[in-house]
$ cat structure-v8.txt   # compact mmCIF, C-alpha atoms
# COMPACT_ATOMS: atom_id res chain seq x y z
CA MET A 888 111.66 -92.95 49.84
CA GLU A 889 109.84 -92.14 46.60
CA GLU A 890 106.66 -91.01 48.39
CA LEU A 891 108.57 -88.55 50.56
CA GLN A 892 110.48 -87.20 47.56
CA GLU A 893 107.15 -86.53 45.84
CA ILE A 894 105.82 -84.74 48.93
CA GLN A 895 108.86 -82.48 48.76
CA GLU A 896 108.07 -81.69 45.13
CA LEU A 897 104.44 -80.95 45.98
CA GLN A 898 105.52 -78.73 48.85
CA GLN A 899 107.85 -76.76 46.57
CA GLY A 900 105.10 -76.40 43.97
CA GLY A 901 102.59 -75.03 46.47
CA VAL A 902 99.09 -76.35 47.07
CA CYS A 903 95.91 -74.34 47.50
CA VAL A 904 93.90 -75.32 50.57
CA ASP A 905 92.46 -72.14 52.00
CA SER A 906 89.81 -71.80 54.67
CA ASP A 907 88.67 -68.37 53.48
CA SER A 908 88.81 -68.72 49.67
CA SER A 909 92.07 -66.73 49.59
CA SER A 910 94.75 -68.11 47.27
CA GLU A 911 97.54 -66.61 49.43
CA SER A 912 96.41 -68.37 52.60
CA CYS A 913 95.78 -71.49 50.46
CA GLU A 914 99.45 -72.00 49.61
CA SER A 915 100.62 -71.28 53.12
CA ASP A 916 98.26 -73.83 54.76
CA ALA A 917 99.12 -76.53 52.24
CA SER A 918 102.86 -75.99 52.48
CA ALA A 919 102.62 -76.35 56.24
CA ALA A 920 100.62 -79.56 55.85
CA ALA A 921 103.12 -80.96 53.35
CA ALA A 922 106.03 -80.11 55.67
CA LEU A 923 104.40 -81.94 58.57
CA LEU A 924 103.77 -84.95 56.36
CA LEU A 925 107.37 -84.91 55.25
CA ASN A 926 108.50 -85.13 58.86
CA SER A 927 106.06 -87.88 59.78
CA GLY A 928 105.86 -89.81 56.49
CA SER A 929 107.76 -92.85 57.77
CA LYS A 930 105.31 -93.24 60.67
CA PHE A 931 102.38 -93.20 58.22
CA LEU A 932 103.93 -95.95 56.14
CA LEU A 933 104.64 -98.16 59.15
CA ASN A 934 101.01 -98.14 60.33
CA ALA A 935 99.05 -100.42 58.02
CA MET A 936 95.46 -99.45 57.20
CA SER A 937 92.87 -102.12 56.51
CA ALA A 938 89.96 -101.60 54.14
CA GLU A 939 87.66 -101.68 57.16
CA GLU A 940 89.67 -98.96 58.88
CA TYR A 941 89.51 -96.88 55.74
CA ARG A 942 85.72 -97.28 55.62
CA THR A 943 85.03 -96.59 59.29
CA VAL A 944 87.74 -94.10 60.25
CA TYR A 945 89.31 -92.24 57.33
CA TRP A 946 86.63 -91.91 54.66
CA PRO A 947 83.91 -90.57 57.05
CA LYS A 948 86.24 -87.70 58.03
CA LEU A 949 87.09 -86.93 54.42
CA GLU A 950 83.43 -87.15 53.40
CA ARG A 951 82.41 -84.59 56.04
CA ALA A 952 85.14 -82.21 54.89
CA VAL A 953 84.13 -82.52 51.22
CA GLU A 954 80.49 -81.92 52.17
CA LEU A 955 81.42 -78.71 53.96
CA LEU A 956 83.48 -77.47 51.02
CA LEU A 957 80.68 -78.23 48.55
CA THR A 958 77.96 -76.48 50.52
CA GLN A 959 79.75 -73.38 51.80
CA SER A 960 78.77 -70.05 50.29
CA PRO A 961 81.53 -68.21 48.37
CA MET A 962 82.08 -65.63 51.14
CA GLU A 963 81.59 -68.01 54.07
CA HIS A 964 84.46 -68.90 56.40
CA ILE A 965 84.50 -72.54 57.49
CA SER A 966 86.72 -74.19 60.06
CA ILE A 967 88.46 -77.23 58.53
CA SER A 968 91.79 -78.82 59.39
CA TYR A 969 93.42 -78.95 55.97
CA GLU A 970 96.47 -80.56 57.52
CA GLN A 971 94.28 -83.46 58.68
CA ILE A 972 92.50 -83.83 55.31
CA TYR A 973 95.77 -83.77 53.40
CA SER A 974 97.39 -86.27 55.76
CA HIS A 975 94.41 -88.64 55.53
CA VAL A 976 94.55 -88.57 51.73
CA TYR A 977 98.30 -89.11 51.82
CA LYS A 978 98.00 -92.13 54.09
CA CYS A 979 95.12 -93.67 52.10
CA VAL A 980 97.21 -93.45 48.93
CA CYS A 981 100.34 -94.83 50.59
CA GLN A 982 98.31 -97.74 51.98
CA GLN A 983 97.03 -98.70 48.52
CA HIS A 984 93.47 -97.42 48.94
CA SER A 985 93.65 -94.94 46.05
CA GLU A 986 90.94 -96.65 44.00
CA LEU A 987 88.56 -96.79 46.95
CA LEU A 988 89.23 -93.15 47.74
CA TYR A 989 88.72 -92.05 44.15
CA ASN A 990 85.45 -93.98 43.77
CA ASP A 991 84.12 -92.66 47.07
CA LEU A 992 84.99 -89.08 46.15
CA MET A 993 83.26 -89.43 42.77
CA TRP A 994 80.19 -90.94 44.45
CA LYS A 995 80.03 -88.19 47.06
CA ILE A 996 80.28 -85.35 44.56
CA THR A 997 77.89 -87.03 42.12
CA SER A 998 75.29 -87.33 44.90
CA HIS A 999 75.71 -83.66 45.73
CA LEU A 1000 75.37 -82.61 42.09
CA GLU A 1001 72.21 -84.65 41.64
CA GLN A 1002 70.71 -82.71 44.53
CA VAL A 1003 71.86 -79.43 42.94
CA SER A 1004 70.23 -80.46 39.67
CA ALA A 1005 66.96 -81.28 41.43
CA GLU A 1006 66.95 -77.84 43.06
CA LEU A 1007 67.50 -76.20 39.67
CA GLN A 1008 64.69 -78.28 38.22
CA ALA A 1009 62.36 -76.77 40.80
CA SER A 1010 63.62 -73.25 40.07
CA PRO A 1011 61.15 -70.86 38.33
CA PRO A 1012 62.24 -70.11 34.72
CA GLU A 1013 62.81 -66.42 35.51
CA HIS A 1014 65.37 -67.39 38.16
CA LEU A 1015 67.05 -70.33 36.42
CA ILE A 1016 69.89 -68.35 34.81
CA GLU A 1017 70.96 -66.74 38.08
CA ASN A 1018 70.50 -69.95 40.08
CA PHE A 1019 72.56 -71.93 37.56
CA ASN A 1020 75.28 -69.29 37.71
CA LEU A 1021 75.31 -69.50 41.51
CA ALA A 1022 75.53 -73.30 41.42
CA LEU A 1023 78.42 -73.29 38.94
CA THR A 1024 80.28 -70.51 40.78
CA ARG A 1025 79.93 -72.26 44.13
CA TYR A 1026 81.05 -75.59 42.67
CA THR A 1027 84.15 -74.20 40.97
CA ALA A 1028 85.05 -72.37 44.19
CA ALA A 1029 84.79 -75.66 46.10
CA LEU A 1030 87.09 -77.34 43.59
CA HIS A 1031 89.77 -74.74 44.34
CA CYS A 1032 90.07 -76.43 47.72
CA ILE A 1033 89.04 -80.02 46.99
CA VAL A 1034 91.47 -80.62 44.13
CA PRO A 1035 94.58 -79.44 46.01
CA VAL A 1036 93.96 -81.50 49.16
CA PHE A 1037 93.52 -84.61 46.98
CA ILE A 1038 96.61 -83.80 44.95
CA TYR A 1039 98.50 -86.87 46.14
CA MET A 1040 95.72 -89.16 44.92
CA ASN A 1041 95.62 -87.20 41.68
CA LYS A 1042 99.35 -87.60 41.08
CA PHE A 1043 99.75 -91.27 41.97
CA TYR A 1044 96.42 -92.71 40.88
CA ILE A 1045 94.42 -90.53 38.48
CA GLU A 1046 97.36 -89.21 36.45
CA ALA A 1047 99.59 -92.28 36.77
CA LYS A 1048 97.01 -95.04 36.28
CA LEU A 1049 93.96 -93.45 34.65
CA ASN A 1050 95.85 -90.89 32.54
CA ARG A 1051 93.38 -88.20 33.53
CA ASP A 1052 93.24 -85.20 35.87
CA LEU A 1053 91.09 -84.83 38.98
CA ARG A 1054 89.82 -81.36 38.15
CA ASP A 1055 88.83 -82.45 34.65
CA ASP A 1056 86.95 -85.43 36.09
CA LEU A 1057 85.11 -83.25 38.61
CA MET A 1058 84.13 -80.66 36.00
CA LYS A 1059 82.83 -83.48 33.80
CA LEU A 1060 80.62 -84.56 36.69
CA PHE A 1061 79.04 -81.09 36.75
CA SER A 1062 78.60 -81.20 33.00
CA ASP A 1063 76.97 -84.65 33.04
CA HIS A 1064 74.79 -84.32 36.13
CA VAL A 1065 73.83 -80.63 36.08
CA ALA A 1066 74.57 -78.66 32.92
CA GLU A 1067 73.49 -81.32 30.42
CA LYS A 1068 70.15 -81.73 32.19
CA HIS A 1069 69.36 -78.01 31.99
CA VAL A 1070 71.08 -76.74 28.85
CA ALA A 1071 67.98 -77.29 26.69
CA THR A 1072 66.05 -74.94 29.01
CA LEU A 1073 68.90 -72.53 29.67
CA LEU A 1074 69.81 -71.68 26.08
CA PRO A 1075 66.34 -70.39 25.05
CA LEU A 1076 66.20 -68.35 28.27
CA LEU A 1077 69.66 -66.94 27.58
CA LYS A 1078 68.75 -66.05 24.00
CA LYS A 1079 65.57 -64.35 25.16
CA ALA A 1080 67.41 -62.44 27.88
CA HIS A 1081 70.09 -61.38 25.40
CA SER A 1082 67.46 -59.92 23.08
CA MET A 1083 66.10 -57.80 25.96
CA PRO A 1084 69.04 -55.75 27.33
CA PHE A 1085 69.53 -55.79 31.11
CA GLN A 1086 66.73 -58.29 31.75
CA VAL A 1087 69.55 -60.35 33.28
CA ASN A 1088 72.71 -58.84 34.75
CA PRO A 1089 75.29 -58.74 31.89
CA SER A 1090 78.00 -60.23 34.10
CA THR A 1091 75.71 -63.14 34.95
CA MET A 1092 74.95 -63.71 31.27
CA GLU A 1093 78.65 -63.70 30.45
CA SER A 1094 79.48 -66.04 33.34
CA VAL A 1095 76.85 -68.61 32.34
CA VAL A 1096 77.64 -68.57 28.61
CA LYS A 1097 81.39 -68.87 29.21
CA GLY A 1098 80.73 -71.55 31.82
CA LEU A 1099 78.68 -73.63 29.38
CA TYR A 1100 81.37 -73.21 26.75
CA SER A 1101 84.12 -74.34 29.11
CA LEU A 1102 82.08 -77.41 30.06
CA ARG A 1103 81.08 -78.45 26.55
CA PRO A 1104 82.39 -76.48 23.55
CA ASP A 1105 80.25 -78.71 21.32
CA TRP A 1106 77.17 -76.86 22.61
CA VAL A 1107 78.11 -73.84 20.48
CA PRO A 1108 76.13 -74.99 17.40
CA LEU A 1109 72.97 -75.00 19.55
CA ALA A 1110 73.16 -71.19 19.86
CA PRO A 1111 76.07 -69.86 17.77
CA ALA A 1112 74.97 -66.22 17.84
CA LEU A 1113 74.68 -66.26 21.63
CA PHE A 1114 78.08 -67.87 22.22
CA SER A 1115 79.79 -65.58 19.70
CA ARG A 1116 78.69 -62.55 21.74
CA PHE A 1117 80.79 -63.69 24.71
CA ILE A 1118 83.48 -66.01 23.31
CA PRO A 1119 86.02 -64.19 21.10
CA GLN A 1120 86.97 -65.65 17.72
CA ILE A 1121 84.50 -68.50 18.06
CA ASN A 1122 83.09 -67.89 14.59
CA PRO A 1123 85.03 -68.60 11.38
CA PRO A 1124 86.72 -65.60 9.73
CA ALA A 1125 84.34 -63.17 8.02
CA LEU A 1126 83.98 -63.44 4.26
CA GLU A 1127 83.37 -60.50 1.98
CA SER A 1128 80.36 -62.27 0.54
CA GLN A 1129 78.76 -62.26 4.00
CA LEU A 1130 79.03 -58.51 4.62
CA PRO A 1131 75.37 -57.85 3.71
CA PHE A 1132 74.34 -60.48 6.27
CA TYR A 1133 76.44 -58.81 8.99
CA ALA A 1134 74.98 -55.41 8.10
CA ALA A 1135 71.46 -56.83 8.40
CA GLN A 1136 72.33 -58.33 11.80
CA ASP A 1137 73.63 -54.96 12.99
CA GLN A 1138 70.46 -53.20 11.83
CA LYS A 1139 68.37 -55.78 13.64
CA LEU A 1140 70.30 -55.21 16.86
CA GLN A 1141 69.93 -51.43 16.56
CA MET A 1142 66.18 -51.84 16.03
CA GLU A 1143 65.84 -54.09 19.08
CA LEU A 1144 67.73 -51.59 21.22
CA SER A 1145 65.55 -48.75 19.93
CA GLN A 1146 62.37 -50.70 20.68
CA ASN A 1147 63.59 -51.21 24.22
CA GLY A 1148 64.05 -47.48 24.78
CA PHE A 1149 67.71 -47.01 23.85
CA SER A 1150 68.29 -44.28 21.30
CA ARG A 1151 71.21 -44.70 18.90
CA GLY A 1152 74.27 -42.66 19.76
CA ASP A 1153 73.06 -41.84 23.30
CA GLN A 1154 76.28 -42.29 25.25
CA SER A 1155 74.57 -41.62 28.58
CA ARG A 1156 72.45 -44.75 28.10
CA LYS A 1157 69.38 -42.86 29.25
CA ARG A 1158 66.16 -44.34 28.04
CA ALA A 1159 64.37 -42.35 25.41
CA SER A 1160 61.22 -42.40 27.55
CA GLU A 1161 63.07 -40.45 30.26
CA GLU A 1162 63.60 -37.50 27.92
CA SER A 1163 59.87 -36.87 27.56
$ encode --input "structure-v8.txt" --output "structure tokens"
Amino acid sequence: MEELQEIQELQQGGVCVDSDSSSESCESDASAAAALLLNSGSKFLLNAMSAEEYRTVYWPKLERAVELLLTQSPMEHISISYEQIYSHVYKCVCQQHSELLYNDLMWKITSHLEQVSAELQASPPEHLIENFNLALTRYTAALHCIVPVFIYMNKFYIEAKLNRDLRDDLMKLFSDHVAEKHVATLLPLLKKAHSMPFQVNPSTMESVVKGLYSLRPDWVPLAPALFSRFIPQINPPALESQLPFYAAQDQKLQMELSQNGFSRGDQSRKRASEES
């Protein structure tokens, strides 16, 4: 049957569904789940599923699993039966409930992101950059597990009928419901932090700026100098006529560093105040 042939292809391709955020254990768990589905696929297709059964039996289990994946901390180990999640998704798709499943998943994740956005709204300005970075990091980590276990829905509904991709849709949800609501506050804070070295951890700065760029490249014109510090080749090629401008920018940066206690040419990065 076509469905079982596709499961074989998915099994060969490997699917990431880890319980400890490890990509190695991800592929192994998913391959095992796909193999079990391959052996029991005919039984799934023989047992019809009504819309009521989907609503009362299958979706509640999937919703709980998605909630756990969305709220776990990056280093937290959670106990989830990925075989069961994968098999439930597989059966829902085979029983023609793909549209219901997709809409419910979008609703669930949208509700979660609205709560995340509200928490960021209540965050003090001095903590917003780090809190936004944590929210984006946790969300993308959750997608590493959510997208693979819904891969059958992605292949037969989102890609085949909507001509889109599940991960792209889920990242757009974060952009629309979280990032877009806070970018007007984030960018001035990022520019201020960038002008004061080490006010914010450099890796956090880089993560947030690159994250915003990946979500919406059209945000670059809002802070071109900031984005160009972290995104290579984002600016047009330099022109000879602009060399004086670049020299002035370099002098400005050197002055800012000097005012913040960093002497030019000091490779040890010791503050000038420490020498006195």
$ closest_residue --input "structure-v8.txt" --among "A:His999, A:Glu1017, A:Gln1008, A:Trp994" --to "A:Ser1090" --atoms "all atoms listed in the file"
A:Glu1017
$ residues_around --input "structure-v8.txt" --residues "A:Arg1103" --least-positions-apart "3" --cutoff "10 Å" --atoms "all atoms listed in the file" --output "list in words"
Lys1059, Ser1062, Asp1063, Ala1066, Glu1067, Lys1097, Gly1098, Leu1099, Tyr1100, Trp1106 and Val1107 of chain A
$ residues_around --input "structure-v8.txt" --residues "A:Gln983" --least-positions-apart "4" --cutoff "12 Å" --atoms "all atoms listed in the file" --output "list in words"
Leu932, Ala935, Met936, Ser937, Ala938, Tyr941, Val976, Tyr977, Lys978, Cys979, Leu987, Leu988, Tyr989, Met1040, Phe1043 and Tyr1044 of chain A
$ residues_around --input "structure-v8.txt" --residues "A:Val953" --least-positions-apart "3" --cutoff "9 Å" --atoms "all atoms listed in the file" --output "ChimeraX atom specification"
/A:948-950,956-958,992,995-996,1029,1033
$ closest_residue --input "structure-v8.txt" --among "A:Ile967, A:Ile972, A:Ile1016, A:Ala1005" --to "A:Asn1088" --atoms "all atoms listed in the file"
A:Ile1016
$ closest_residue --input "structure-v8.txt" --among "A:Leu1000, A:Leu1076, A:Ile1118, A:Ala952" --to "A:Gln971" --atoms "all atoms listed in the file"
A:Ala952
$ build_atoms --input "structure-v8.txt" --residues "stretch 1061-1078 of chain A" --atoms "N, CA and C atoms" --output "compact mmCIF listing (two decimals), in the coordinates of the input"
# COMPACT_ATOMS: atom_id res chain seq x y z
N PHE A 1061 80.00 -82.21 36.79
CA PHE A 1061 79.04 -81.09 36.75
C PHE A 1061 78.37 -81.02 35.39
N SER A 1062 79.16 -81.23 34.34
CA SER A 1062 78.60 -81.20 33.00
C SER A 1062 77.55 -82.28 32.81
N ASP A 1063 77.87 -83.50 33.25
CA ASP A 1063 76.97 -84.65 33.04
C ASP A 1063 75.73 -84.60 33.91
N HIS A 1064 75.89 -84.20 35.17
CA HIS A 1064 74.79 -84.32 36.13
C HIS A 1064 74.01 -83.03 36.36
N VAL A 1065 74.54 -81.90 35.89
CA VAL A 1065 73.83 -80.63 36.08
C VAL A 1065 73.61 -79.92 34.75
N ALA A 1066 74.69 -79.51 34.12
CA ALA A 1066 74.57 -78.66 32.92
C ALA A 1066 73.80 -79.36 31.81
N GLU A 1067 74.14 -80.61 31.53
CA GLU A 1067 73.49 -81.32 30.42
C GLU A 1067 71.99 -81.47 30.63
N LYS A 1068 71.57 -81.57 31.89
CA LYS A 1068 70.15 -81.73 32.19
C LYS A 1068 69.36 -80.43 32.03
N HIS A 1069 70.06 -79.30 32.01
CA HIS A 1069 69.36 -78.01 31.99
C HIS A 1069 69.70 -77.15 30.77
N VAL A 1070 70.66 -77.59 29.96
CA VAL A 1070 71.08 -76.74 28.85
C VAL A 1070 69.96 -76.49 27.85
N ALA A 1071 69.07 -77.47 27.65
CA ALA A 1071 67.98 -77.29 26.69
C ALA A 1071 67.00 -76.21 27.16
N THR A 1072 66.90 -76.01 28.46
CA THR A 1072 66.05 -74.94 29.01
C THR A 1072 66.82 -73.63 29.12
N LEU A 1073 68.08 -73.73 29.48
CA LEU A 1073 68.90 -72.53 29.67
C LEU A 1073 69.12 -71.74 28.39
N LEU A 1074 69.45 -72.41 27.31
CA LEU A 1074 69.81 -71.68 26.08
C LEU A 1074 68.67 -70.81 25.55
N PRO A 1075 67.42 -71.30 25.47
CA PRO A 1075 66.34 -70.39 25.05
C PRO A 1075 66.15 -69.21 25.99
N LEU A 1076 66.31 -69.45 27.31
CA LEU A 1076 66.20 -68.35 28.27
C LEU A 1076 67.32 -67.34 28.08
N LEU A 1077 68.52 -67.83 27.81
CA LEU A 1077 69.66 -66.94 27.58
C LEU A 1077 69.48 -66.12 26.30
N LYS A 1078 68.99 -66.77 25.26
CA LYS A 1078 68.75 -66.05 24.00
C LYS A 1078 67.67 -64.98 24.17
